[in-house]
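Visitor: Provided herewith is a single structure, encoded as structure tokens, for subsequent inquiry.
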Amino acid sequence: MEIYAHRGFSGKYPENTMLAFQKAYDVGIDGIELDVQMTKDGEIVVIHDERVDRTTNGIGYVKDFLYKQLRLFDAGSWFHGRFAHQRIPALIEVLEWVKDLDKKIMINIELKNNIIDYPHLEEKLLKIIEQFQLEKQVILSSFNMHSMLKVRQLHSTIDIGTLFEGVHESAIQSTKLVNAQAIHGDLPFVLSSEGKKAITEGIKLRVYTVNDAKSVPMLRNAKISAIMTDFPNEFLTERCEY
């Protein structure tokens, strides 16, 4: 059962920053989950919210800023003053870092396009992934099934995880429709009868966002493929004990 750092080591460092990613790598994670939006000038950037307000000192929608404007915002002080001057990374910056790592890790890129439609996000994203030859180390996920279907039409083999919150009877059908390898669900789903059914039908389950490390034995028994957590260090320690 793999351990993925949710938005990097976001329990102790500002989420979706290079610092959070490096600290997650340093503790030995198997993968990192991150989120992407698109700027006014078409740069794919790593930030969870459609707006910059919560995680930077800026105000407004990501889509309304040029990339060079976003880079001026402080993406660390909101978490703690000692993390001042962290920046919103471009996806290219993150993948350059991944490419140079000594140990291969998986990168789960969540397309945050279920609220705002970013034209050609899928094409641009796949082009960048192919540029770095990281197709085997990337998982693409979204709550937007139309987007995931588009990804599959553009790329026949890249790993896809369909995202669901809560228990949906349509989850398995939707996952098969886009020919995805996995479902990314919360605890209620992965422990439900639908979650168990998905596993029996050969679909991997990855669970978000679990921060109680004592749940490791239960999730292992449920045959969960990966846990996404804000505190990867605790889960890696707990995993070693079982």
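FYI, nothing fancy with the structure tokens labels: chains A, B, ... in order, residues from 1 per chain, ligands from 1 as they appear.
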Please identify every residue of range 89-140 of chain A that has at least one atom no farther than 7 Å from an atom of range 38-59 of chain A, counting only C-alpha atoms, and for each give the shortest atom pair and the distance in Å to one decimal, arranged by chain then increasing number, as JSON lines.
Guide:
{"residue": "A:Pro89", "atom": "CA", "partner": "A:Val46", "partner_atom": "CA", "distance": 5.5}
{"residue": "A:Ala90", "atom": "CA", "partner": "A:Val45", "partner_atom": "CA", "distance": 4.2}
{"residue": "A:Leu91", "atom": "CA", "partner": "A:Val45", "partner_atom": "CA", "distance": 5.3}
{"residue": "A:Tyr118", "atom": "CA", "partner": "A:Met38", "partner_atom": "CA", "distance": 6.6}
Visitor: Enumerate as a list in words all residues of range 32-120 of chain A assigned to alpha helix (DSSP H) by DSSP on the backbone, naming them with the chain letters and numbers the document uses.
Guide: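 The residues of range 32-120 of chain A classed as alpha helix (DSSP H) are Tyr67, Lys68, Gln69, Leu70, Leu91, Ile92, Glu93, Val94, Leu95, Glu96, Trp97, Val98 and Lys99 of chain A.
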Visitor: Kindly indicate which residue among A:Lys214, A:Lys68, A:His184, A:Arg220 lies nearest to Ile109 in chain A, using only C-alpha atoms for the distances.
Guide: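 Among the listed residues, A:His184 lies closest to Ile109 in chain A.
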Visitor: Which of these residues is nearest to His80 in chain A, using only C-alpha atoms: A:Phe132, A:Val36, A:Ser147, A:Gly11?
Guide: A:Gly11
Visitor: List as a PyMOL selection string the protein and nucleic acid residues near range 17-20 of chain A, meaning an atom at most 12 Å away when only C-alpha atoms are counted, but skip any in the same chain fewer than 3 places from it.
Guide: chain A and resi 5-14+23-27+29+32-36+45-48+55-56+71+74-77+79+82-98+230-232
Visitor: Ranking A:Leu149, A:Ile107, A:Leu154, A:Leu140 by minimum distance to Glu123 in chain A and counting only C-alpha atoms, which one comes first?
Guide: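 Closest residue, counting only C-alpha atoms: A:Leu154.
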Visitor: Work out how far apart CA of Trp78 in chain A and CA of Asn16 in chain A are and give it in Å to one decimal.
Guide: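 Those two atoms sit 12.8 Å apart.
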Visitor: I'd like the contact shell of range 165-180 of chain A - 12 Å cut-off, only C-alpha atoms, skipping same-chain residues fewer than 3 positions apart - returned as number ranges by chain.
Guide: A: 139-162, 183-205, 207-209
Visitor: For a quick check of understanding, using only C-alpha atoms, which of A:Leu125, A:Tyr4, A:Tyr67, A:Lys112 has the smallest distance to Leu236 in chain A?
Guide: A:Tyr4
